[in-house]
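This report refers to the structure that appears directly beneath it.
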Amino acid sequence: MRRKIPSTAALVAFESAARHQSFTQAAHELALTQSAICRQIAGLEEFLGVELFRRSRRGVKLTEAGLTYSRKVAAQLDAVERDTLAAMGQQGAQSLELAVVPTFATQWLVPRLKDFQRLHPEVTVHLTNRTRPFLFADTAFDAAIYFGDGDWSGTEAHYLMPEEPLPVCSPALLAGREPFSAAELAMLPLLQQSTRPYAWRQWFNAQGLNVPRDLAGPRYELFSMLAQAAAHGMGVALIPPFLIERELAEGRLVAAHPTALHSSDKAYRLMIPERKLESAALGAFRDWLLAAAQAYREARAGSAV
């Protein structure tokens with residue numbers, strides 16, 4: 001079926017005229033005659049069946065419909081230009097679009113990506129924040145790194161590492177004393193992670209405690225926000241240690257209790273849609289990422305011995 005799309009030349013002429021509110025300036029910008037601009041826009045209005053400009057002796061002015069359409073056309077032309085420049089700049093290179101949970105990407109993945117670039121200079125990796133599952137068919141993503149049980153329809157899951165969050169707080173909250181007991185933690189302000197709403201309940205239950213206020217406390221969407229709140233003495237937070245290595249090393253955060261929360265089913269995973277399984281670039285990234293995650297798990301296990 002033929003698409004209901006006007007000519008690119010007409011859209012470019014319209015966008016320029018709408019931006020300048022002038023056919024004359026649009027003609028100058030596009031190196032065309034004013035009559036050529038007029039013909040393009042008249043043809044576009046006929047195609048749409050909508051008046052885009054009001055003409056008068058003083059010039060032209062966008063109609064309400066023209067203003068709305070111009071904004072959408074400008075955004076689409078910008079997108080086409082970006083994609084075109086990207087395609088022109090690749091010259092045989094490959095790129096990957098990854099959806100990632102933000103704090104994991106910032107604190108763990110990005111510091112290691114230089115190694116992947118060294119091994120595979122022909123592959124460019126783009127990262128975009130996504131905190132929850134989505135339909136790959138509705139996006140341009142090649143793969144995703146997320147935290148969950150791996151149950152994501154139409155994908156192949158690859159285990160990276162567990163989360164195992166640990167209760168942490170500002171050293172000022174401890175005031176030089178030994179870490180709190182679980183019962184003492186229950187009396188402190190509890191900082192909540194909005195995508196892990198039952199984390200504190202699970203932690204206290206694992207310690208054999210039923211704490212009525214385990215769901216209370218300010219909520220933050222990202223672990224990076226939780227870390228900042230805890231470091232500023234706002235309460236105790238459950239955060240995976242590998243996401244706050246710098247804060248722990250610098251003493252801005254300390255363990256409020258030595259016991260982490262262990263989950264048997266949920267973990268960080270690389271999710272690859274089935275239609276992308278044959279991608280050579282994605283296969284190279286998958287192999288590198290799994291090796292890096294395994295090396296990290298082994299190093300972490302060794303340090304814990």
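A note on labels: chains of the structure tokens are A, B, ... as shown, every chain counts residues from 1, and ligands are counted from 1 in their shown order.
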
Residues within 12 Å of Leu209 (chain A), please, as a PyMOL selection string. Count only C-alpha atoms; anything in the same chain fewer than 3 positions from it doesn't count. chain A and resi 181-186+200-206+212-214

Export of prior selection with N, CA and C atoms as a PDB file, in the first residue's frame:
```pdb
ATOM      1  N   SER A 181      22.017  -3.388  65.136  1.00  0.00           N
ATOM      2  CA  SER A 181      21.319  -4.671  65.065  1.00  0.00           C
ATOM      3  C   SER A 181      20.109  -4.488  64.168  1.00  0.00           C
ATOM      4  N   ALA A 182      19.503  -5.613  63.747  1.00  0.00           N
ATOM      5  CA  ALA A 182      18.320  -5.523  62.893  1.00  0.00           C
ATOM      6  C   ALA A 182      17.190  -4.797  63.614  1.00  0.00           C
ATOM      7  N   ALA A 183      17.040  -5.044  64.905  1.00  0.00           N
ATOM      8  CA  ALA A 183      15.992  -4.377  65.684  1.00  0.00           C
ATOM      9  C   ALA A 183      16.254  -2.878  65.763  1.00  0.00           C
ATOM     10  N   GLU A 184      17.492  -2.488  65.883  1.00  0.00           N
ATOM     11  CA  GLU A 184      17.818  -1.062  65.933  1.00  0.00           C
ATOM     12  C   GLU A 184      17.569  -0.400  64.573  1.00  0.00           C
ATOM     13  N   LEU A 185      17.869  -1.117  63.484  1.00  0.00           N
ATOM     14  CA  LEU A 185      17.593  -0.577  62.150  1.00  0.00           C
ATOM     15  C   LEU A 185      16.106  -0.292  61.980  1.00  0.00           C
ATOM     16  N   ALA A 186      15.271  -1.133  62.566  1.00  0.00           N
ATOM     17  CA  ALA A 186      13.824  -0.982  62.422  1.00  0.00           C
ATOM     18  C   ALA A 186      13.318   0.316  63.019  1.00  0.00           C
ATOM     19  N   TRP A 200      12.858  -3.700  51.992  1.00  0.00           N
ATOM     20  CA  TRP A 200      13.076  -3.683  53.442  1.00  0.00           C
ATOM     21  C   TRP A 200      12.245  -4.774  54.136  1.00  0.00           C
ATOM     22  N   ARG A 201      11.038  -4.999  53.658  1.00  0.00           N
ATOM     23  CA  ARG A 201      10.217  -6.063  54.258  1.00  0.00           C
ATOM     24  C   ARG A 201      10.904  -7.415  54.091  1.00  0.00           C
ATOM     25  N   GLN A 202      11.452  -7.663  52.906  1.00  0.00           N
ATOM     26  CA  GLN A 202      12.151  -8.921  52.670  1.00  0.00           C
ATOM     27  C   GLN A 202      13.394  -9.029  53.544  1.00  0.00           C
ATOM     28  N   TRP A 203      14.094  -7.913  53.700  1.00  0.00           N
ATOM     29  CA  TRP A 203      15.315  -7.945  54.520  1.00  0.00           C
ATOM     30  C   TRP A 203      14.970  -8.234  55.974  1.00  0.00           C
ATOM     31  N   PHE A 204      13.998  -7.523  56.516  1.00  0.00           N
ATOM     32  CA  PHE A 204      13.630  -7.748  57.919  1.00  0.00           C
ATOM     33  C   PHE A 204      13.071  -9.156  58.119  1.00  0.00           C
ATOM     34  N   ASN A 205      12.276  -9.652  57.184  1.00  0.00           N
ATOM     35  CA  ASN A 205      11.748 -11.019  57.304  1.00  0.00           C
ATOM     36  C   ASN A 205      12.878 -12.040  57.336  1.00  0.00           C
ATOM     37  N   ALA A 206      13.933 -11.783  56.530  1.00  0.00           N
ATOM     38  CA  ALA A 206      15.079 -12.696  56.526  1.00  0.00           C
ATOM     39  C   ALA A 206      15.806 -12.688  57.867  1.00  0.00           C
ATOM     40  N   PRO A 212       6.264  -3.283  61.323  1.00  0.00           N
ATOM     41  CA  PRO A 212       5.070  -2.641  60.753  1.00  0.00           C
ATOM     42  C   PRO A 212       5.378  -1.474  59.812  1.00  0.00           C
ATOM     43  N   ARG A 213       6.483  -0.745  60.059  1.00  0.00           N
ATOM     44  CA  ARG A 213       6.788   0.443  59.268  1.00  0.00           C
ATOM     45  C   ARG A 213       7.822   0.168  58.176  1.00  0.00           C
ATOM     46  N   ASP A 214       7.941  -1.104  57.754  1.00  0.00           N
ATOM     47  CA  ASP A 214       8.996  -1.424  56.792  1.00  0.00           C
ATOM     48  C   ASP A 214       8.738  -0.864  55.392  1.00  0.00           C
TER      49      ASP A 214
END
```

Option closest in space to His257 (chain A), from A:Leu277, A:Ala230, A:Val168, A:Ala284 [counting only C-alpha atoms]: A:Val168
